[in-house]
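S.K.: Handing you a structure now.
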Amino acid sequence: MRLEPIANPSAARRLGLPALALVATLGVAMALALVAGANPFAVLGQIATGALGSKLAVLETLNRATPLIFTGLAVAVAFRAKLWNIGAEAQLYAGAIVAVVLGTGALGSPLVLPVSALAAMLAGAVLLLGPVLLKTRLGVDEVVTTLLLNFIMLLFVSYLLEGPMKDPLGMGWPKSPALIPEARLPRIVEGLRLHWGFALAILAAVIVWVIQTRTTLGFEIRAVGQNPEAARFAGMPVNAVLVKTALLSGGLAALAGWSEVAGLKGHLSSDLSPGFGYTGIIVAMLALLHPLGVVVTAIFVAGIFVGSGAMSRAAGVPTYIADMLMATALLFMVLAILLTRVRVVRG
Amino acid sequence: MTGEKGAEVVLRLDRITKRFGALTANDGVSLTLRRGEVVALLGENGAGKTTLMNILFGHYVADEGSVEVFGQPLPPGNPRAALAAGVGMVHQHFTLAGNLTVLDNIRLGTEGLWSRSDAGAREKVERLSRDFGLAVHPDAKVGRLSVGERQRVEILKALYRDARVLILDEPTAVLTPQESEALFATLRKATGLGLSVIFISHKLHEVMAIADRCVVLRHGRVVGEVDTHATDKAALAALMVGGELSLPRAEARAAGAVLMRIAGVSTPNRGASPGLKMVTLELRAGQITGLAGVSGNGQAALAEIVGGLARPAEGRLSLHGQEPKVWTPGEALARGVARIPEDRHHQGSIADFDLTENAVLEGYRTRFSRRGWMNWRAARAFAEGIIKGYDVRCPGPSTRIRLLSGGNMQKLILGRAMAVGPDIILANQPVRGLDVGAIAYVQSQLIAARDRGAAVLLISEDLDEIMGLSDIIHVMSQGRLSPGFARGTMTAAELGLWMAGQKFEGAHAA
Amino acid sequence: MSEIVDILISASFWAAVIRIASPLILATMGELICERAGVLNLGIEGIMVIGAFTGWMAVYQGMPLWGGVAVAMAAGMLFGLLHSTLTVPFGLSQHVVGLGVTLFATASASFAYRLMLPEVTSPPKIEPFQPLDIPVLSDLPWLGEALFSQTALTWAAFAVAGLVAFTLYRTPLGLAVRAVGENPAAVEAQGLSVTGLRIGAVMVGSGLMAVGGAFLTLSAFSSFFFEMVNGRGWICVALVVFGAWKPGKAVLGAILFAAFDALQIRLQQTELGAVLPYQLFLALPFILSILALILMSRRAEVPAALMVPYNKGER
Amino acid sequence: AQEPIKMAGIYTVPVEQQWVSRIHIAAEALKAAGTVDYTYTENVANTDYPRVMREYCEAGVKLIVGEIFGAEAEAREVCAEYPDVAFLLGSSFMPDAAANPNLAVFDNYIQDAAYLSGIVAGGMTAGNIGMVGGFPIPEVNRLMNAFMAGVREVKADAKFQVSFIGSWFDPPKAKETAFAMIDGGADLMYAERFGVSDAAKERGVLAIGNVIDTQADYPETVVTSALWHFEPTLNAAVAAIQAGTFTADNYGVYSFMNAGGCSLAPLGTFEGKVPAEVMALVAEKEAAIKDGSFTVTIDDNEPKSS
Ligand SMILES: Nc1ncnc2c1ncn2[C@@H]1O[C@H](COP(=O)(O)OP(=O)(O)OP(=O)(O)O)[C@@H](O)[C@H]1O
Ligand SMILES: Nc1ncnc2c1ncn2[C@@H]1O[C@H](COP(=O)(O)OP(=O)(O)OP(=O)(O)O)[C@@H](O)[C@H]1O
Ligand SMILES: [Mg+2]
Ligand SMILES: [Mg+2]
């Protein structure tokens, strides 16, 4: 078999195939429910209700999407430049640490929020800068260094939480002190759990989109990603572009941790992120690295997870079905998105 | 194994049609090849030559038509079957694995899965390379070989499988004249032994030298078929482009001021290729300086210095009499140095960027943006200007450049470089791989630039091109630069001696 | 300092190093095969989980230990087929598919475990591989303990590494695998199937990863825990790069990493352990891996077509 | 009889994990008895914890049992949002009747049993004990410290090797760590994690269990264990709900020995192998604990090697 690009895919194809992917995922959900001894027809409604069926469900989905938008953007920016940043997880924690360091009284209001956001971005950026400099200076593969840094960072966080950053009022539990109220991101609407981190994430997506399409930096990032040799020949400062990309990417990933701490949790613990950094890769690739697409795919991924988690409880099947469905949805969806652009031909 | 030419038909392509979407790349093409015969397949860039050969070899499946080898129909879309039937193909872009040795590349796919016979394979390769004059070490890593050597490996691959039909798709596009000569010698030997060859090239003098018959394609159709001895270069060119074609000729002109001067420049050696050795060169306004020489003799190092990619390790570089403080591609551009890169695919363009984006690659900072904001409207207008002004054939400025033929890609790069009215133009192998029409166009643009007072440095391995265009000619050999020879003062044979390095000792003594 | 020397010359330390290295070697060989063929397989972490689960479950259901290994291998190959179907003929992003497979495999193992053993609250045990007693060798003074007190699966791990090296460098099949990771067009031009080779490599590689996972439940331990693979798969991805895509170097890398790990466990008990936070010791293998990578990265030859999908008939 | 109470367990780890398994078993027992209608969700990330709480509350669950060590503030917010639901949650903090009248807290305060198991250990060791833990959290530290205190009653100069492996679920790693300690001279292992008893068994040294009884799997190895019984805690809560008197309370005391919340596992295969004077000391201390004349110190600080 061979794939042949379709010049102008029809609307039916562009909408129908992703819809088909969704249907296929639901089919898998039904099959799994059947295996687990639950009513396969009930689960469909349960997923939908769980993800979007109530105000609570919608807010939970959006809440869970918030860090994914940030990490998804971080990955999208970096991957555009073919900078394989697998370390969004570590950068996320760097941002979270800064949120705690500056948010627990070191800085007074009202500066604390903007200052700590910027400082968090800086911390994430610096964390990614190391691997990037190693790549540009010494040719060390950044996939591996950023990946390994995730483990090191997690241990560092654990050290901080059991040592210098341990909450003296935490009864010995390894977590940081709580942020002062001024350092917390307010809720968008009082009474709803959605905080301003979500709005900030959307804003970040728009800004990244503008950077990518409207600025020289965006042009440079794309050029360096596609063909660094040609970029260098054309006079682009390739290494400087990579460094700028790293700063942007690391900064965005750090905002994920910052907003989780400042907006949702109010403190730092070593399980702040259940793999948001890795899921960010999925989110970004599903969006074909398009910054605005990242918003959509982050909400999609969060929705599938929240919805199928709720379904597992309603239907009484093991919770692990949620991750299975998220993975299924993801794989079907990337395939569907591909097939909107190409057709399979023989030969 | 000797056989008479013209006897047996070894290959028959029958009414092959191949469509890519709306485009018909091959339109009912029929072609026969006889034992021991060399058929040249000619046509403009994008005429459908490679497509036809890819169908024959099984990379593509034809929409209509059939292929017969030695009277047996060939199953479509199956390179393995083509190989088994005795068809060997040397692709336009080499298909070698750089991490493997020559021997491994050759025997790849010829054995079972598990066992292998080391001695037998090596022996056969050594015998073939001796018999056909294809000198290359079996244990050398292909990634470290020169293009000429790679070409030999590709041919050995086919011979190793006892190919009786050999397809050569632009085999000489990246070869030096000497290497091309050696290749022809090999081919003559092989056809003498009964091998049949399809030979694709844009270089008509080669076609005249090696082919028995020429088949000309235009827009996917066969537009002519002639015996080589019954035609000439001009007639072939006319057949290809569908009309008369006049090659540009540069008339001698008086040179102006020195715009760029390189004095006593040396650079370190790079692997097998030598660095520059005390090179001094002046580029003058209104003059085309030709740099002849077999590639790999330091031209790349010189081009990097002129183009701003490298600073001389030793020696001086000055523009308009003053030394630049920094010397980067950006600086070179800012000072009016235009560059046409040697490798348009890897250096000159970004395949998945559209024409607009490729057009502004060099000028986006200075001309198409303000305070970091891109001005896409101006960029697009600029690209449209190039497309119109330089006759770039394409659907429009938002076409990805990947879809353009080499000639059209080259025209865009040329237009991009010329747009700023540069004082100094570095043209590194500007017509490599282009068809005659495109060559004529690119060369006439270089002459026009000279005529308005630019200094042009033309680097080429093609002596005809160098002698036809250059006002002054230098030769490079082993990183050394010969003195300049004025237009018309040297014969090709004399230049050849310089290229071989024999004249340098004497010149230094003088 | 002398404490460290004491540790390094003790036989039990080296025995631990080899034990810890075994699953890493198996999975690293699996990843290496995939990457040599041009496919980055980030499904490794999940495939190891699947191997740990299926291998253990098979034995728990009454199969012999080697039967468990075979089941793990087969299960791994199945997930390899899933991975390669999406990444090879369809050419989907190897990052996404890899992470997706990891997620899917991990969750599948948990889901199946919970369905099959709904009532347990303490993980059931099997009788795992026991250290082999090799006549004479096992009784050698220092070497006996350091090298010859390992289980059969450890021996298998080293044998697999040898076999992988042999296949890659001494057989036409290996030649084709190395070529397809470098330039698929070269492979196709020689009449071989790029798709077939890549799918095959990913399946075999995934099978080995799964056996690496099964090592944890069949040799290193005797029950299955949900998160017991605990990042070992990611380490193996690093080890392949560290080993410059060469089996011998990768095995050395695995041993080096295992040595750091065994060392940090022991260092925690020295005076240093009382002063320094334990996290530093846990981080030691990762930190040293990065340092080692910096020292030897320069000359690594990355398979040129790694992560580049091949679509026949596209230029 | 009353309607069964709708009850949900929310756990951050799988129910195989020792600590959670004790809660799960107690709940399953009440379910079997028809007192509660019990469902559970396991392996919930702390990030998702409040959401799952809300979902259950919305679904009409009347009693939620779980652990909020990693999500204190948010979880307490949820409790406030659903005043009609009773929450019985593992927490390091005290109940707050004013803010959360419906939240009662508990923890595994089984230092009594751990202390007694330490005395037994002291009688069985020559003086070098290895201890492998997951993370140095209070729930672990507290038991380790009590155990060490118990050992010192018998062997004042005992040496302890303490390691944390940074994971709850890596038995191979726990096993390697235990091997290293045995190589370092330990003749008795404190088995806080799965894997430790396996190493002890392979090397022929002894082990003391923790929270659950694993002697059946390691008859020659595990001398005794400090067991946690969640039943008193859960039963008290359920009774309070049935009586309509459930309030913010500290249920931690139900894990104390005198409440039946913990015990020393029977010696079983080791019956008669522990020195009699040691067992006498155990009996004496147990009696003192039960009548309140002796209190085991609760020390939540990270234990260090000595
Ligand atoms: N893979 C492909 N997909 C779509 N269209 C193709 C593909 N390959 C070739 N074409 C189309 O077929 C036409 C013929 O291309 P082909 O490569 O055969 O030209 P050619 O004669 O070999 O040119 P050149 O002299 O530049 O090598 C092109 O104009 C192009 O539009
Ligand atoms: N993927 C593709 N899709 C559509 N057309 C293609 C594709 N690849 C190549 N072509 C077409 O095939 C023709 C020949 O392509 P090719 O790259 O061989 O150009 P070329 O002129 O030979 O360039 P060069 O000599 O520099 O390699 C071009 O006209 C181009 O339009
Ligand atoms: Mg061609
Ligand atoms: Mg061409």
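Just remember, in the structure tokens the first chain shown is A, the second B, etc., residues are 1-based per chain, and ligands are 1-based in the order shown.
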List all protein, DNA and RNA residues that have any atom at most 10 Å from ligand 2, counting only C-alpha atoms and all ligand atoms, and write the list as a PyMOL selection string.

M.R.: (chain A and resi 4-5) or (chain B and resi 20-21+23+25+44-51+92-93+169-170+173-174+202+343-345+393-394+400-410+431-435+438) or (chain C and resi 313-315)

S.K.: Which neighbours of range 132-138 of chain C fall inside 7 Å, counting only C-alpha atoms, when residues of the same chain fewer than 3 positions from it are skipped, and could you give them as a list in words?

M.R.: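 What passes the distance filter is Gly144, Glu145, Phe148, Ser149, Gln150, Thr151 and Ala152 of chain C.
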
S.K.: Which is closer to chain A than all the others in D:Ser263, D:Asn141, D:Ser117, D:Thr221, using only C-alpha atoms?

M.R.: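 Ranked by minimum distance to chain A, first place goes to D:Asn141.
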
S.K.: Could you pull the residues within 12 Å of Phe53 in chain C, counting only C-alpha atoms, minus those fewer than 2 positions along the same chain, as a count of residues only?

M.R.: 48

S.K.: If DSSP is run on the backbone, what residues of range 24-252 of chain B are strand (DSSP E)? A reply as a ChimeraX atom specification would be ideal.

M.R.: /B:24-34,38-43,64-69,72-73,87-90,165-169,196-200,213-218,221-227

S.K.: Can you list, as JSON, numbers by chain, every residue of range 55-289 of chain D that DSSP puts in helix (DSSP H, G or I)?

M.R.: {"D": [55, 56, 57, 58, 72, 73, 74, 75, 76, 77, 78, 79, 80, 81, 111, 112, 113, 114, 115, 116, 117, 118, 119, 120, 121, 122, 123, 124, 138, 139, 140, 141, 142, 143, 144, 145, 146, 147, 148, 149, 150, 151, 152, 153, 154, 171, 172, 173, 174, 175, 176, 177, 178, 179, 180, 181, 182, 183, 196, 197, 198, 199, 200, 201, 202, 203, 231, 232, 233, 234, 235, 236, 237, 238, 239, 240, 241, 242, 243, 251, 252, 253, 254, 255, 257, 258, 259, 268, 269, 270, 276, 277, 278, 279, 280, 281, 282, 283, 284, 285, 286, 287, 288, 289]}

S.K.: One number please: CA of Asp157 in chain D to CA of Glu284 in chain D, in Å, one decimal.

M.R.: 21.8 Å

S.K.: Output as JSON, numbers by chain the set of chain A residues within 7 Å of chain C, with distances taken over only C-alpha atoms.

M.R.: {"A": [2, 3, 36, 138, 139, 140, 144, 145, 148, 152, 155, 156, 159, 281, 282, 285, 318, 320, 321, 323, 324, 327, 330, 331]}

S.K.: Those same residues, written as an mmCIF file, in the first residue's frame with N, CA and C atoms?

M.R.:
```cif
data_model
loop_
_atom_site.group_PDB
_atom_site.id
_atom_site.type_symbol
_atom_site.label_atom_id
_atom_site.label_comp_id
_atom_site.auth_asym_id
_atom_site.auth_seq_id
_atom_site.Cartn_x
_atom_site.Cartn_y
_atom_site.Cartn_z
ATOM 1 N N ARG A 2 0.247 2.344 -0.350
ATOM 2 C CA ARG A 2 0.980 3.582 -0.515
ATOM 3 C C ARG A 2 0.019 4.711 -0.171
ATOM 4 N N LEU A 3 0.546 5.793 0.334
ATOM 5 C CA LEU A 3 -0.326 6.922 0.678
ATOM 6 C C LEU A 3 -0.173 7.997 -0.387
ATOM 7 N N ALA A 36 -16.079 -6.431 30.786
ATOM 8 C CA ALA A 36 -16.067 -6.218 32.232
ATOM 9 C C ALA A 36 -17.430 -6.513 32.858
ATOM 10 N N LEU A 138 27.633 20.657 21.821
ATOM 11 C CA LEU A 138 28.332 19.373 21.846
ATOM 12 C C LEU A 138 27.623 18.290 21.062
ATOM 13 N N GLY A 139 26.445 18.603 20.559
ATOM 14 C CA GLY A 139 25.726 17.588 19.797
ATOM 15 C C GLY A 139 25.144 16.476 20.647
ATOM 16 N N VAL A 140 24.837 16.780 21.907
ATOM 17 C CA VAL A 140 24.226 15.755 22.761
ATOM 18 C C VAL A 140 22.733 15.687 22.463
ATOM 19 N N VAL A 144 17.152 12.487 24.989
ATOM 20 C CA VAL A 144 17.581 11.754 26.169
ATOM 21 C C VAL A 144 17.840 12.683 27.351
ATOM 22 N N THR A 145 18.490 13.800 27.094
ATOM 23 C CA THR A 145 18.791 14.673 28.235
ATOM 24 C C THR A 145 17.515 15.238 28.838
ATOM 25 N N LEU A 148 15.791 12.416 30.780
ATOM 26 C CA LEU A 148 16.438 12.080 32.055
ATOM 27 C C LEU A 148 16.238 13.194 33.082
ATOM 28 N N ILE A 152 15.315 13.438 37.268
ATOM 29 C CA ILE A 152 16.141 14.181 38.215
ATOM 30 C C ILE A 152 15.306 15.268 38.880
ATOM 31 N N LEU A 155 13.024 13.969 41.571
ATOM 32 C CA LEU A 155 13.758 13.677 42.804
ATOM 33 C C LEU A 155 14.138 14.972 43.513
ATOM 34 N N PHE A 156 14.458 15.987 42.713
ATOM 35 C CA PHE A 156 14.800 17.277 43.311
ATOM 36 C C PHE A 156 13.591 17.855 44.043
ATOM 37 N N TYR A 159 13.180 16.096 47.159
ATOM 38 C CA TYR A 159 14.152 16.582 48.153
ATOM 39 C C TYR A 159 13.695 17.904 48.762
ATOM 40 N N ILE A 281 2.759 16.115 24.751
ATOM 41 C CA ILE A 281 3.279 15.684 23.447
ATOM 42 C C ILE A 281 2.128 15.169 22.588
ATOM 43 N N ILE A 282 1.283 14.372 23.219
ATOM 44 C CA ILE A 282 0.128 13.824 22.502
ATOM 45 C C ILE A 282 -0.782 14.959 22.027
ATOM 46 N N MET A 285 0.816 16.866 19.093
ATOM 47 C CA MET A 285 0.871 16.162 17.822
ATOM 48 C C MET A 285 -0.528 15.969 17.240
ATOM 49 N N PRO A 318 -13.409 -1.425 36.097
ATOM 50 C CA PRO A 318 -12.155 -0.888 36.629
ATOM 51 C C PRO A 318 -11.797 0.458 36.003
ATOM 52 N N TYR A 320 -9.189 1.733 35.124
ATOM 53 C CA TYR A 320 -8.137 1.750 34.104
ATOM 54 C C TYR A 320 -8.703 1.872 32.712
ATOM 55 N N ILE A 321 -10.000 1.652 32.582
ATOM 56 C CA ILE A 321 -10.636 1.792 31.279
ATOM 57 C C ILE A 321 -10.483 3.225 30.758
ATOM 58 N N ASP A 323 -7.875 5.253 30.939
ATOM 59 C CA ASP A 323 -6.616 5.394 30.196
ATOM 60 C C ASP A 323 -6.658 4.612 28.887
ATOM 61 N N MET A 324 -7.303 3.450 28.932
ATOM 62 C CA MET A 324 -7.390 2.665 27.697
ATOM 63 C C MET A 324 -8.150 3.426 26.629
ATOM 64 N N ALA A 327 -6.118 6.321 25.228
ATOM 65 C CA ALA A 327 -5.132 5.858 24.255
ATOM 66 C C ALA A 327 -5.803 5.472 22.942
ATOM 67 N N LEU A 330 -6.862 8.471 21.051
ATOM 68 C CA LEU A 330 -5.687 9.128 20.488
ATOM 69 C C LEU A 330 -5.230 8.435 19.210
ATOM 70 N N LEU A 331 -5.101 7.117 19.268
ATOM 71 C CA LEU A 331 -4.566 6.399 18.106
ATOM 72 C C LEU A 331 -5.538 6.463 16.928
#
```
